[in-house]
Every structure is written in C-alpha cells, then in structure tokens.
$ cat protein19.txt   # compact mmCIF, C-alpha atoms and all ligand atoms
# COMPACT_ATOMS: atom_id res chain seq x y z
CA MET A 65 2.68 -35.89 -22.99
CA ASN A 66 1.76 -36.38 -26.68
CA PHE A 67 1.87 -32.70 -27.75
CA PRO A 68 4.57 -32.72 -30.48
CA VAL A 69 7.79 -30.99 -29.45
CA SER A 70 8.07 -29.28 -32.85
CA LEU A 71 4.68 -27.57 -32.30
CA GLN A 72 5.52 -26.71 -28.70
CA LYS A 73 8.58 -24.89 -30.00
CA SER A 74 7.05 -23.11 -32.96
CA TRP A 75 3.92 -22.10 -31.00
CA HIS A 76 5.99 -20.96 -28.01
CA GLY A 77 4.34 -23.45 -25.66
CA LYS A 78 0.74 -22.60 -26.61
CA ARG A 79 -1.47 -25.44 -27.80
CA PHE A 80 -2.79 -23.46 -30.75
CA ASN A 81 -1.38 -21.24 -33.47
CA SER A 82 -1.93 -17.86 -31.88
CA TYR A 83 -2.06 -14.59 -33.81
CA ASN A 84 -0.02 -12.71 -31.19
CA ARG A 85 2.76 -15.26 -31.47
CA VAL A 86 2.73 -15.01 -35.28
CA LEU A 87 3.00 -11.22 -35.12
CA LYS A 88 5.87 -11.43 -32.67
CA ASP A 89 7.74 -13.87 -34.91
CA ILE A 90 7.26 -11.68 -37.98
CA PHE A 91 7.99 -8.29 -36.43
CA GLY A 92 10.30 -9.28 -33.57
CA ALA A 93 8.12 -7.41 -31.06
CA ARG A 94 4.56 -7.42 -29.81
CA VAL A 95 2.26 -5.73 -32.33
CA TYR A 96 -1.02 -4.22 -31.14
CA LYS A 97 -4.23 -3.71 -33.05
CA ILE A 98 -5.83 -0.28 -32.88
CA GLY A 99 -9.57 -0.55 -33.58
CA LEU A 100 -11.01 2.18 -35.81
CA ARG A 101 -14.63 3.24 -35.97
CA MET A 102 -15.26 5.11 -39.20
CA ASP A 103 -18.36 6.66 -40.65
CA PHE A 104 -19.49 3.51 -42.48
CA THR A 105 -22.90 1.96 -42.34
CA CYS A 106 -24.06 -1.51 -43.37
CA PRO A 107 -26.17 -2.79 -46.30
CA ASN A 108 -28.04 -4.96 -43.83
CA ARG A 109 -29.38 -1.84 -42.14
CA ASP A 110 -29.70 0.81 -44.81
CA GLY A 111 -32.13 -1.21 -46.95
CA LYS A 112 -29.75 -2.30 -49.71
CA VAL A 113 -29.86 -5.89 -48.46
CA ALA A 114 -32.22 -5.59 -45.50
CA VAL A 115 -33.27 -3.28 -42.71
CA GLY A 116 -32.88 -3.86 -39.01
CA GLY A 117 -29.53 -5.64 -39.27
CA CYS A 118 -28.48 -8.93 -37.74
CA ILE A 119 -30.56 -9.80 -34.70
CA TYR A 120 -27.54 -9.71 -32.37
CA CYS A 121 -26.30 -6.32 -33.61
CA ASN A 122 -26.94 -3.35 -31.34
CA ASN A 123 -29.02 -0.85 -33.33
CA ALA A 124 -28.54 1.95 -30.83
CA SER A 125 -24.80 1.63 -31.15
CA HIS A 126 -25.05 2.58 -34.81
CA THR A 127 -26.97 5.82 -34.52
CA PRO A 128 -24.83 8.74 -35.64
CA GLN A 129 -25.52 10.95 -32.66
CA ASP A 130 -24.72 8.29 -30.10
CA TYR A 131 -21.92 6.31 -31.45
CA ARG A 132 -20.36 7.16 -34.74
CA SER A 133 -16.98 8.70 -34.46
CA ARG A 134 -16.29 11.99 -36.16
CA ALA A 135 -12.56 11.60 -35.55
CA THR A 136 -10.30 11.04 -38.54
CA VAL A 137 -8.23 7.90 -39.05
CA THR A 138 -5.12 9.77 -37.92
CA GLU A 139 -6.82 11.17 -34.80
CA GLN A 140 -8.06 7.73 -33.80
CA LEU A 141 -4.65 6.18 -34.40
CA GLU A 142 -3.00 8.95 -32.35
CA GLN A 143 -5.33 8.25 -29.45
CA GLY A 144 -4.89 4.48 -29.64
CA ALA A 145 -1.11 4.65 -30.04
CA ALA A 146 -0.73 7.06 -27.10
CA ALA A 147 -2.67 4.71 -24.81
CA LEU A 148 -0.73 1.63 -25.98
CA LYS A 149 2.61 3.43 -25.63
CA MET A 150 1.78 4.37 -22.06
CA ARG A 151 0.48 0.92 -21.09
CA HIS A 152 2.79 -1.39 -23.04
CA ARG A 153 5.53 0.84 -24.53
CA ALA A 154 4.17 -0.34 -27.88
CA ASP A 155 5.49 1.13 -31.09
CA ARG A 156 4.08 -1.16 -33.79
CA TYR A 157 0.44 -1.35 -34.71
CA ILE A 158 -2.10 -2.85 -37.02
CA ALA A 159 -4.81 -0.39 -38.02
CA TYR A 160 -8.02 -2.36 -37.63
CA PHE A 161 -11.05 -1.09 -39.53
CA GLN A 162 -13.41 -2.79 -37.15
CA SER A 163 -16.88 -1.33 -36.82
CA TYR A 164 -19.69 -1.62 -39.37
CA THR A 165 -18.94 -2.76 -42.94
CA ASN A 166 -15.53 -1.34 -43.73
CA THR A 167 -15.61 -1.82 -47.50
CA TYR A 168 -19.08 -0.33 -47.97
CA ASP A 169 -18.21 2.93 -49.75
CA SER A 170 -16.65 4.15 -52.98
CA VAL A 171 -13.24 2.69 -53.79
CA THR A 172 -11.82 6.23 -53.90
CA LYS A 173 -12.93 6.95 -50.35
CA LEU A 174 -11.81 3.53 -49.11
CA GLU A 175 -8.39 3.95 -50.66
CA SER A 176 -7.86 7.33 -49.04
CA LEU A 177 -8.86 6.01 -45.57
CA TYR A 178 -6.69 2.89 -45.81
CA ARG A 179 -3.69 4.84 -47.10
CA GLU A 180 -4.07 7.41 -44.33
CA ALA A 181 -3.82 4.55 -41.83
CA LEU A 182 -0.76 3.07 -43.50
CA ALA A 183 0.98 6.45 -43.42
CA PHE A 184 0.69 6.68 -39.61
CA PRO A 185 4.04 6.15 -37.82
CA GLY A 186 4.35 2.62 -36.44
CA VAL A 187 1.50 1.12 -38.50
CA VAL A 188 2.89 -2.06 -40.04
CA GLY A 189 -0.34 -3.56 -41.29
CA LEU A 190 -4.05 -3.32 -41.94
CA ALA A 191 -6.98 -5.50 -40.95
CA ILE A 192 -10.30 -4.77 -42.65
CA ALA A 193 -13.52 -6.32 -41.37
CA THR A 194 -16.45 -6.63 -43.71
CA ARG A 195 -19.29 -8.76 -45.06
CA PRO A 196 -18.72 -11.31 -47.84
CA ASP A 197 -21.29 -9.56 -50.06
CA CYS A 198 -19.39 -6.25 -49.87
CA VAL A 199 -16.13 -7.15 -51.57
CA ASP A 200 -16.55 -6.78 -55.30
CA ASP A 201 -13.58 -7.24 -57.62
CA GLU A 202 -12.72 -3.54 -57.66
CA VAL A 203 -12.47 -3.49 -53.85
CA LEU A 204 -10.44 -6.70 -53.85
CA ASP A 205 -8.04 -5.24 -56.42
CA LEU A 206 -7.45 -2.30 -54.09
CA LEU A 207 -6.91 -4.63 -51.13
CA GLN A 208 -4.48 -6.70 -53.17
CA ASP A 209 -2.46 -3.59 -53.91
CA LEU A 210 -2.39 -2.65 -50.20
CA SER A 211 -1.47 -6.20 -49.23
CA GLN A 212 1.68 -5.91 -51.30
CA ARG A 213 2.81 -2.91 -49.21
CA SER A 214 1.80 -4.01 -45.72
CA TYR A 215 0.93 -6.96 -43.52
CA PHE A 216 -2.70 -7.35 -44.51
CA TRP A 217 -5.77 -9.28 -43.31
CA LEU A 218 -9.25 -9.34 -44.80
CA GLU A 219 -11.72 -10.31 -42.05
CA LEU A 220 -14.96 -11.76 -43.40
CA GLY A 221 -18.03 -12.34 -41.25
CA LEU A 222 -19.49 -15.79 -41.89
CA GLU A 223 -20.85 -16.33 -38.34
CA SER A 224 -22.50 -19.65 -39.30
CA MET A 225 -22.03 -21.92 -42.32
CA HIS A 226 -25.69 -22.98 -42.11
CA ASP A 227 -28.04 -20.93 -44.25
CA ARG A 228 -31.02 -21.69 -41.99
CA THR A 229 -29.13 -19.97 -39.15
CA LEU A 230 -28.07 -17.05 -41.34
CA GLN A 231 -31.70 -16.56 -42.30
CA TRP A 232 -32.78 -16.74 -38.65
CA VAL A 233 -30.32 -14.01 -37.66
CA ASN A 234 -31.34 -11.87 -40.67
CA ARG A 235 -27.76 -11.88 -41.88
CA GLY A 236 -28.71 -10.99 -45.46
CA HIS A 237 -26.21 -13.33 -47.13
CA GLY A 238 -25.61 -17.06 -47.28
CA LEU A 239 -22.73 -19.50 -47.37
CA ARG A 240 -22.51 -19.18 -51.17
CA GLU A 241 -21.51 -15.48 -50.92
CA PHE A 242 -18.84 -16.31 -48.34
CA ILE A 243 -17.29 -19.04 -50.49
CA ASP A 244 -17.34 -16.78 -53.54
CA ALA A 245 -15.67 -13.91 -51.64
CA VAL A 246 -13.00 -16.20 -50.19
CA GLU A 247 -12.19 -17.73 -53.57
CA ARG A 248 -11.85 -14.30 -55.22
CA ALA A 249 -9.72 -13.01 -52.31
CA LYS A 250 -7.45 -16.06 -52.40
CA ARG A 251 -6.93 -15.61 -56.15
CA ARG A 252 -5.38 -12.27 -55.15
CA GLN A 253 -3.25 -13.90 -52.43
CA LEU A 254 -5.08 -12.06 -49.64
CA ARG A 255 -4.92 -13.46 -46.13
CA VAL A 256 -8.50 -14.21 -45.08
CA CYS A 257 -9.78 -14.50 -41.51
CA ALA A 258 -13.29 -15.89 -40.92
CA HIS A 259 -15.46 -14.59 -38.07
CA LEU A 260 -17.64 -17.26 -36.48
CA ILE A 261 -20.20 -17.36 -33.69
CA LEU A 262 -20.65 -20.61 -31.76
CA GLY A 263 -23.85 -21.37 -29.91
CA PHE A 264 -26.68 -20.44 -32.26
CA PRO A 265 -29.92 -22.16 -31.25
CA GLY A 266 -30.85 -24.97 -33.61
CA GLU A 267 -27.21 -25.88 -34.29
CA SER A 268 -25.94 -29.11 -32.81
CA ARG A 269 -22.36 -29.62 -31.70
CA ASN A 270 -21.73 -31.49 -34.96
CA ASP A 271 -23.26 -28.66 -37.01
CA MET A 272 -20.77 -26.26 -35.45
CA LEU A 273 -17.79 -28.58 -35.75
CA GLU A 274 -18.63 -29.19 -39.41
CA THR A 275 -17.46 -25.61 -40.00
CA THR A 276 -13.85 -26.72 -39.46
CA ASN A 277 -14.13 -28.88 -42.60
CA LEU A 278 -15.27 -25.87 -44.62
CA LEU A 279 -12.46 -23.65 -43.29
CA ASN A 280 -9.85 -26.35 -43.91
CA ARG A 281 -11.08 -27.01 -47.43
CA LEU A 282 -11.12 -23.31 -48.32
CA ALA A 283 -7.58 -22.93 -46.90
CA ILE A 284 -8.74 -20.03 -44.76
CA ASP A 285 -5.72 -18.36 -43.14
CA GLY A 286 -7.22 -17.28 -39.83
CA VAL A 287 -10.25 -17.62 -37.59
CA LYS A 288 -11.97 -15.57 -34.92
CA LEU A 289 -14.30 -17.42 -32.57
CA HIS A 290 -17.03 -15.80 -30.58
CA ASN A 291 -19.73 -17.18 -28.31
CA LEU A 292 -23.31 -16.09 -28.94
CA HIS A 293 -24.06 -13.43 -26.39
CA VAL A 294 -26.96 -11.07 -25.96
CA ILE A 295 -26.38 -7.33 -26.12
CA LYS A 296 -28.85 -4.73 -24.88
CA ASN A 297 -31.30 -3.20 -27.35
CA THR A 298 -31.18 -6.04 -29.86
CA VAL A 299 -33.82 -8.35 -31.28
CA LEU A 300 -31.92 -11.17 -29.62
CA GLU A 301 -32.52 -9.53 -26.24
CA LYS A 302 -36.26 -9.77 -26.87
CA TYR A 303 -35.94 -13.50 -27.62
CA TYR A 304 -33.83 -13.97 -24.52
CA ASN A 305 -36.28 -12.11 -22.29
CA SER A 306 -39.17 -14.15 -23.68
CA GLY A 307 -37.40 -17.31 -22.52
CA THR A 308 -37.09 -18.81 -26.00
CA LEU A 309 -33.31 -18.57 -26.24
CA THR A 310 -30.85 -20.90 -24.55
CA LEU A 311 -27.19 -19.91 -24.46
CA LEU A 312 -24.14 -22.11 -24.01
CA SER A 313 -22.74 -22.44 -20.51
CA ARG A 314 -19.09 -21.55 -20.04
CA HIS A 315 -18.19 -25.20 -19.71
CA GLU A 316 -20.02 -26.08 -22.95
CA TYR A 317 -18.31 -23.26 -24.83
CA VAL A 318 -14.84 -24.13 -23.53
CA SER A 319 -15.24 -27.78 -24.45
CA LEU A 320 -16.62 -26.87 -27.90
CA VAL A 321 -13.68 -24.54 -28.64
CA ALA A 322 -11.24 -27.32 -27.71
CA ASP A 323 -13.10 -29.72 -30.07
CA PHE A 324 -13.06 -27.04 -32.77
CA LEU A 325 -9.31 -26.41 -32.46
CA GLU A 326 -8.53 -30.12 -32.63
CA ARG A 327 -10.12 -30.29 -36.09
CA LEU A 328 -8.56 -27.12 -37.56
CA ASN A 329 -5.59 -27.11 -39.89
CA PRO A 330 -2.64 -26.36 -37.54
CA GLU A 331 -1.42 -23.72 -40.01
CA MET A 332 -4.56 -21.66 -39.53
CA ILE A 333 -3.92 -18.66 -37.29
CA VAL A 334 -6.27 -18.25 -34.35
CA HIS A 335 -7.01 -14.56 -33.90
CA ARG A 336 -9.59 -14.89 -31.15
CA LEU A 337 -10.92 -17.62 -28.88
CA THR A 338 -13.84 -15.77 -27.37
CA GLY A 339 -15.79 -12.54 -27.77
CA GLU A 340 -14.99 -9.31 -26.03
CA THR A 341 -17.83 -7.38 -24.50
CA TYR A 342 -18.57 -4.96 -21.69
CA ARG A 343 -20.69 -5.58 -18.66
CA ALA A 344 -22.66 -2.37 -19.17
CA ILE A 345 -24.15 -3.55 -22.47
CA THR A 346 -24.21 -7.32 -21.93
CA VAL A 347 -27.46 -9.03 -21.03
CA ALA A 348 -26.19 -12.64 -21.02
CA PRO A 349 -24.36 -14.87 -20.49
CA ASP A 350 -22.63 -13.42 -17.45
CA TRP A 351 -19.47 -15.42 -18.01
CA SER A 352 -18.73 -13.85 -21.38
CA VAL A 353 -17.56 -10.55 -19.84
CA ASP A 354 -14.63 -12.38 -18.22
CA LYS A 355 -12.47 -12.84 -21.31
CA ILE A 356 -9.31 -13.78 -19.39
CA GLY A 357 -11.23 -16.35 -17.34
CA VAL A 358 -12.59 -17.96 -20.53
CA HIS A 359 -9.11 -17.97 -22.11
CA ASN A 360 -7.63 -19.64 -19.05
CA ALA A 361 -10.39 -22.24 -19.02
CA ILE A 362 -9.71 -23.08 -22.70
CA PHE A 363 -5.95 -23.38 -22.04
CA LYS A 364 -6.69 -25.67 -19.08
CA GLU A 365 -9.08 -27.80 -21.14
CA LEU A 366 -6.43 -28.28 -23.86
CA ASP A 367 -3.82 -29.15 -21.21
CA GLN A 368 -6.08 -31.61 -19.42
CA ARG A 369 -6.96 -33.38 -22.65
CA ASP A 370 -3.31 -33.20 -23.74
CA THR A 371 -4.60 -32.05 -27.11
CA TRP A 372 -3.77 -29.25 -29.56
CA GLN A 373 -4.92 -27.45 -32.69
CA GLY A 374 -4.94 -29.87 -35.59
CA ARG A 375 -4.67 -33.08 -33.58
CA LEU A 376 -7.58 -34.52 -35.58
CA TYR A 377 -6.78 -32.71 -38.83
CA ARG A 378 -5.86 -34.98 -41.74
CA VAL A 379 -4.59 -34.56 -45.28
CA ASP A 380 -5.40 -37.67 -47.31
CA ASP A 381 -3.19 -39.40 -49.89
CA LYS A 382 -4.48 -37.16 -52.68
CA GLY A 383 -3.50 -34.06 -50.71
CA GLU A 384 -7.14 -33.31 -49.84
CA ARG A 385 -7.73 -31.67 -46.47
CA SER A 386 -10.09 -33.36 -44.03
CA GLY A 387 -13.77 -32.69 -44.58
CA ALA A 388 -16.45 -32.70 -47.20
CA ALA A 389 -15.95 -31.08 -50.60
CA ILE A 390 -17.07 -27.46 -50.89
CA SER A 391 -19.83 -28.54 -53.30
CA ASP A 392 -21.19 -30.81 -50.54
CA CYS A 393 -21.10 -27.89 -48.07
CA LEU A 394 -23.20 -25.93 -50.53
CA GLN A 395 -25.87 -28.57 -51.00
CA GLY A 396 -29.18 -27.05 -50.16
CA ALA A 397 -27.83 -23.49 -50.15
CA PRO A 398 -30.05 -21.03 -52.02
CA GLN A 399 -28.94 -20.31 -55.60
S1 LIG A 401 -23.43 -7.08 -40.87
FE1 LIG A 401 -22.36 -6.33 -39.02
S2 LIG A 401 -22.88 -4.13 -38.86
FE2 LIG A 401 -24.32 -5.07 -40.33
S3 LIG A 401 -26.11 -5.56 -39.08
FE3 LIG A 401 -24.83 -7.42 -39.14
S4 LIG A 401 -23.49 -7.29 -37.33
FE4 LIG A 401 -24.40 -5.24 -37.64
$ encode --input "protein19.txt" --output "structure tokens"
Amino acid sequence: MNFPVSLQKSWHGKRFNSYNRVLKDIFGARVYKIGLRMDFTCPNRDGKVAVGGCIYCNNASHTPQDYRSRATVTEQLEQGAAALKMRHRADRYIAYFQSYTNTYDSVTKLESLYREALAFPGVVGLAIATRPDCVDDEVLDLLQDLSQRSYFWLELGLESMHDRTLQWVNRGHGLREFIDAVERAKRRQLRVCAHLILGFPGESRNDMLETTNLLNRLAIDGVKLHNLHVIKNTVLEKYYNSGTLTLLSRHEYVSLVADFLERLNPEMIVHRLTGETYRAITVAPDWSVDKIGVHNAIFKELDQRDTWQGRLYRVDDKGERSGAAISDCLQGAPQ
C-alpha cells in the first residue's frame, strides 16, 4: 500500500481530510451541526440580482407560508440539540445558518442573530452559508469579529467555476465575484468553504477537475461537493422531463470525486462528499437519496485505487500550488 502512514495516522485511517475528524481533534468529541432556517430571502429571487433563482433551487420551498420558519434561533437550536442529545448524547454544536442567503440583511440584524446562536449552551462555532456577492466589507468585518470568539466557517456558493455554466443556471454572479469575496475574507483570516456542484451539462470531466487548481491557488480551507440532482418544482425538472438533461451515473460521480480528491491540497478540509436530499422531493437521479451508499462507494473507490486526497497535488520550487494562475482562471470572465 502506498498511502503514506503519516496521513493514515493524522486522518484516522480515512483517505481524505474529513471535517468530522478535524472537529473531533479540535474539540476532543464529536461536534454536530444544527441547521438553521431563518427568515432570509435571496437577491437572486427578490429582483435585486435576478428573479426566479437558480434553476435547481426549489421555488416552492421558499414561499413563506409553506416553508419559512417562524421559530427563533434559540428555539431552533433547542429543537436540534434535544434531538441530537437523544440520538447521539451530543453536547457540542455548530450553529449552521444554512437556508437561503444568510448574510442578506442589515448588519445589525445579522449580528443579533449570530450572537444569539453563539450564546446557546453547547454552541462552539458558527457556519454561515451565503453567496459571494452578498459579503460586503461591513459584513466581513462582523464575521471577522465573530471568528475571533468562536470556531467559524464562511461557506460560499461557487457551484461552478465556469461562467457559461453560472449563466445557464441563472446564478446571478460569476467567478470574479467569488474570487473577490474569497480574497477579502482571507485578508480577515476567515476560514472559507466552497460549495460546488459536479455534473452540470456542458462541463467535461477536465472542466470540473480544473476547479481543484482554482481552490488550491486560492488556498480555500474547505470544500463541499454535491452532485447535480433534480428537485421537484424547479426549472431543472422541466429540462429533465423534456429529455434534454443528462445526469451523472453513480459510478461516474464516484470516480469523479476520487479524481477530484486526488488533485486537492491535502490540507483542505472536506466537509461533504455528496449532496443530501429526500426521496419525497427528488426527481432524479435515484441514487442520490442513498447518501451512505454513495459515501461507501467513494471510500471503496479510493481503497481500490490505493489513492488519497492530494496524491496528485504539487507545490513547485517557487512555492506555487499546482494549477493555473488565478488571472488565467479569470480569462474570458465578464468584467
Ligand atoms: S442563491 Fe441559493 S437561495 Fe438563491 S436562488 Fe440560488 S440556490 Fe436558491
């Protein structure tokens, strides 16, 4: 076996740098995320950037009467913590501002919500998911302050590094905005996790793997991978039903994730290997509702190849990480 013993030890036998393992090492116990759904909306739906949202986003799930929670941060944390205590005897949590665009409000309101979460017993950290065009300097200054008092992650949706894909999904921002947000966040020493979707039509395997060069060059701290899946009541569902959309098979996705991990900086923390969805709202692919099955298939693929995260990652003599310069990544991106 070629898998280096030093990595086997520090990654506790896993072939990638897993977020759960990192949390356990830092806090000495398993730490669980509690997802929060606050009363935010999104500039890609309310007309500020666009209307209609990303084509894979479930519009119905964002209507106030159907979906938006009226529970406070504390109430949601109480509910989540009670369930986790019962199931796992958990007593440490990360409050995860997960749904919608969680920095899309006044800084005063954001600060009060985030601080309410940090005051909840057992909350050791915050994770805040948002769009790269919704983190101005004032918001980042607030996040920097919070990051000095807690274990903090800023989760930025990139989804694809290719502007033609971002336009196709009506994302409302491009690669340029992502790079700008990351650079401003890193100047404030924030940990940044990039959200990515693999399997967009029109992207070749190489197009998707090219993203590892961008992440390595930007010194992104963490990554969340997700396969493209079709949710009910979305524009994507219409494309799928019309027969114009081809999705990755489970085998293709598993093999692609293994290729992706091989090229990533081994210091990057892998928060997620596949998406999480529910059968009731999933149109396709069928395999994506079996998260554990997909995980196991990825672990098996890494074992069979005797490979690991970072096996193909290189730092050259000048200390440059593998991959094209950021300016090359931006070539052709809209100004
Ligand atoms: S940015 Fe997020 S919340 Fe807004 S439309 Fe896209 S997926 Fe939905």
$ residues_around --input "protein19.txt" --residues "Ala245 of chain A" --least-positions-apart "3" --cutoff "12 Å" --atoms "all atoms listed in the file" --output "ChimeraX atom specification"
/A:194-201,203-204,218-222,237-242,248-252,254,256-258,282,284
$ atom_distance --input "protein19.txt" --atom1 "atom S4 of ligand LIG 401 (chain A)" --atom2 "atom CA of His259 of chain A"
10.9 Å
$ residues_near_ligand --input "protein19.txt" --ligand "ligand LIG 401 (chain A)" --cutoff "9 Å" --atoms "only C-alpha atoms and all ligand atoms" --output "NGL selection string"
:A and (105-109 or 114-123 or 126 or 163-165 or 194-195 or 221 or 233-236)
$ write_last_selection --input "protein19.txt" --atoms "C-alpha atoms" --output "short mmCIF file (atom, residue, chain, number, x, y, z; two decimals), keeping the file's coordinate frame"
data_model
loop_
_atom_site.label_atom_id
_atom_site.label_comp_id
_atom_site.auth_asym_id
_atom_site.auth_seq_id
_atom_site.Cartn_x
_atom_site.Cartn_y
_atom_site.Cartn_z
CA THR A 105 -22.90 1.96 -42.34
CA CYS A 106 -24.06 -1.51 -43.37
CA PRO A 107 -26.17 -2.79 -46.30
CA ASN A 108 -28.04 -4.96 -43.83
CA ARG A 109 -29.38 -1.84 -42.14
CA ALA A 114 -32.22 -5.59 -45.50
CA VAL A 115 -33.27 -3.28 -42.71
CA GLY A 116 -32.88 -3.86 -39.01
CA GLY A 117 -29.53 -5.64 -39.27
CA CYS A 118 -28.48 -8.93 -37.74
CA ILE A 119 -30.56 -9.80 -34.70
CA TYR A 120 -27.54 -9.71 -32.37
CA CYS A 121 -26.30 -6.32 -33.61
CA ASN A 122 -26.94 -3.35 -31.34
CA ASN A 123 -29.02 -0.85 -33.33
CA HIS A 126 -25.05 2.58 -34.81
CA SER A 163 -16.88 -1.33 -36.82
CA TYR A 164 -19.69 -1.62 -39.37
CA THR A 165 -18.94 -2.76 -42.94
CA THR A 194 -16.45 -6.63 -43.71
CA ARG A 195 -19.29 -8.76 -45.06
CA GLY A 221 -18.03 -12.34 -41.25
CA VAL A 233 -30.32 -14.01 -37.66
CA ASN A 234 -31.34 -11.87 -40.67
CA ARG A 235 -27.76 -11.88 -41.88
CA GLY A 236 -28.71 -10.99 -45.46
#
$ residues_near_point --input "protein19.txt" --point "(-31.7, -22.4, -32.9)" --cutoff "9 Å" --atoms "all atoms listed in the file" --output "number ranges by chain"
A: 229, 232, 263-268, 309-310
$ closest_residue --input "protein19.txt" --among "A:Val95, A:Met272, A:Met150, A:Ala283" --to "Ile333 of chain A" --atoms "all atoms listed in the file"
A:Ala283
$ atom_distance --input "protein19.txt" --atom1 "atom CA of Leu278 of chain A" --atom2 "atom CA of Ala159 of chain A"
28.3 Å
$ residues_around --input "protein19.txt" --residues "Pro68 of chain A" --least-positions-apart "3" --cutoff "12 Å" --atoms "all atoms listed in the file" --output "PDB file with C-alpha atoms, in the frame of the given file"
ATOM      1  CA  MET A  65       2.680 -35.890 -22.990  1.00  0.00           C
ATOM      2  CA  LEU A  71       4.680 -27.570 -32.300  1.00  0.00           C
ATOM      3  CA  GLN A  72       5.520 -26.710 -28.700  1.00  0.00           C
ATOM      4  CA  LYS A  73       8.580 -24.890 -30.000  1.00  0.00           C
ATOM      5  CA  SER A  74       7.050 -23.110 -32.960  1.00  0.00           C
ATOM      6  CA  TRP A  75       3.920 -22.100 -31.000  1.00  0.00           C
ATOM      7  CA  GLY A  77       4.340 -23.450 -25.660  1.00  0.00           C
ATOM      8  CA  LYS A  78       0.740 -22.600 -26.610  1.00  0.00           C
ATOM      9  CA  ARG A  79      -1.470 -25.440 -27.800  1.00  0.00           C
ATOM     10  CA  PHE A  80      -2.790 -23.460 -30.750  1.00  0.00           C
ATOM     11  CA  PRO A 330      -2.640 -26.360 -37.540  1.00  0.00           C
ATOM     12  CA  ASP A 370      -3.310 -33.200 -23.740  1.00  0.00           C
ATOM     13  CA  THR A 371      -4.600 -32.050 -27.110  1.00  0.00           C
ATOM     14  CA  TRP A 372      -3.770 -29.250 -29.560  1.00  0.00           C
ATOM     15  CA  GLN A 373      -4.920 -27.450 -32.690  1.00  0.00           C
ATOM     16  CA  GLY A 374      -4.940 -29.870 -35.590  1.00  0.00           C
ATOM     17  CA  ARG A 375      -4.670 -33.080 -33.580  1.00  0.00           C
TER      18      ARG A 375
END
$ atom_distance --input "protein19.txt" --atom1 "atom CA of Arg179 of chain A" --atom2 "atom CA of Arg213 of chain A"
10.3 Å
$ closest_residue --input "protein19.txt" --among "A:Met332, A:Val287, A:Ala146, A:Ala193" --to "Asn166 of chain A" --atoms "all atoms listed in the file"
A:Ala193
$ closest_residue --input "protein19.txt" --among "A:Leu320, A:Leu300, A:Thr341, A:His315" --to "Asn270 of chain A" --atoms "all atoms listed in the file"
A:Leu320
$ closest_residue --input "protein19.txt" --among "A:Ala154, A:Ala344, A:Met225, A:Ile192" --to "Asn297 of chain A" --atoms "only C-alpha atoms"
A:Ala344
$ residues_near_point --input "protein19.txt" --point "(3.2, 6.1, -38.6)" --cutoff "10 Å" --atoms "only C-alpha atoms" --output "list in words"
Thr138, Leu141, Glu142, Ala145, Asp155, Arg156, Tyr157, Glu180, Ala181, Leu182, Ala183, Phe184, Pro185, Gly186, Val187 and Val188 of chain A
$ closest_residue --input "protein19.txt" --among "A:Val334, A:Ala147, A:Val353, A:Ile158" --to "Leu100 of chain A" --atoms "all atoms listed in the file"
A:Ile158
$ residues_around --input "protein19.txt" --residues "Thr346 of chain A" --least-positions-apart "3" --cutoff "12 Å" --atoms "all atoms listed in the file" --output "JSON, numbers by chain"
{"A": [120, 121, 122, 292, 293, 294, 295, 296, 297, 298, 300, 301, 304, 339, 340, 341, 342, 343, 349, 350, 351, 352, 353, 354]}
$ closest_residue --input "protein19.txt" --among "A:Glu326, A:Asp271, A:Glu175, A:Asp205" --to "Leu366 of chain A" --atoms "all atoms listed in the file"
A:Glu326
$ build_atoms --input "protein19.txt" --residues "segment 82-96 of chain A" --atoms "N, CA and C atoms" --output "mmCIF file, in the coordinates of the input"
data_model
loop_
_atom_site.group_PDB
_atom_site.id
_atom_site.type_symbol
_atom_site.label_atom_id
_atom_site.label_comp_id
_atom_site.auth_asym_id
_atom_site.auth_seq_id
_atom_site.Cartn_x
_atom_site.Cartn_y
_atom_site.Cartn_z
ATOM 1 N N SER A 82 -1.329 -19.142 -32.277
ATOM 2 C CA SER A 82 -1.930 -17.860 -31.880
ATOM 3 C C SER A 82 -1.425 -16.678 -32.723
ATOM 4 N N TYR A 83 -2.337 -15.786 -32.993
ATOM 5 C CA TYR A 83 -2.060 -14.590 -33.810
ATOM 6 C C TYR A 83 -0.972 -13.727 -33.172
ATOM 7 N N ASN A 84 -1.030 -13.538 -31.863
ATOM 8 C CA ASN A 84 -0.020 -12.710 -31.190
ATOM 9 C C ASN A 84 1.377 -13.289 -31.387
ATOM 10 N N ARG A 85 1.460 -14.617 -31.305
ATOM 11 C CA ARG A 85 2.760 -15.260 -31.470
ATOM 12 C C ARG A 85 3.259 -15.063 -32.909
ATOM 13 N N VAL A 86 2.351 -15.189 -33.875
ATOM 14 C CA VAL A 86 2.730 -15.010 -35.280
ATOM 15 C C VAL A 86 3.276 -13.608 -35.496
ATOM 16 N N LEU A 87 2.560 -12.614 -34.947
ATOM 17 C CA LEU A 87 3.000 -11.220 -35.120
ATOM 18 C C LEU A 87 4.383 -11.007 -34.506
ATOM 19 N N LYS A 88 4.580 -11.587 -33.339
ATOM 20 C CA LYS A 88 5.870 -11.430 -32.670
ATOM 21 C C LYS A 88 6.995 -12.057 -33.498
ATOM 22 N N ASP A 89 6.724 -13.212 -34.073
ATOM 23 C CA ASP A 89 7.740 -13.870 -34.910
ATOM 24 C C ASP A 89 8.066 -13.035 -36.148
ATOM 25 N N ILE A 90 7.027 -12.438 -36.738
ATOM 26 C CA ILE A 90 7.260 -11.680 -37.980
ATOM 27 C C ILE A 90 7.968 -10.360 -37.690
ATOM 28 N N PHE A 91 7.497 -9.657 -36.650
ATOM 29 C CA PHE A 91 7.990 -8.290 -36.430
ATOM 30 C C PHE A 91 9.026 -8.192 -35.311
ATOM 31 N N GLY A 92 9.283 -9.290 -34.616
ATOM 32 C CA GLY A 92 10.300 -9.280 -33.570
ATOM 33 C C GLY A 92 9.868 -8.514 -32.326
ATOM 34 N N ALA A 93 8.617 -8.154 -32.235
ATOM 35 C CA ALA A 93 8.120 -7.410 -31.060
ATOM 36 C C ALA A 93 6.611 -7.595 -31.029
ATOM 37 N N ARG A 94 6.007 -7.327 -29.907
ATOM 38 C CA ARG A 94 4.560 -7.420 -29.810
ATOM 39 C C ARG A 94 3.940 -6.320 -30.683
ATOM 40 N N VAL A 95 2.959 -6.695 -31.477
ATOM 41 C CA VAL A 95 2.260 -5.730 -32.330
ATOM 42 C C VAL A 95 0.825 -5.636 -31.832
ATOM 43 N N TYR A 96 0.321 -4.419 -31.705
ATOM 44 C CA TYR A 96 -1.020 -4.220 -31.140
ATOM 45 C C TYR A 96 -1.972 -3.713 -32.214
#
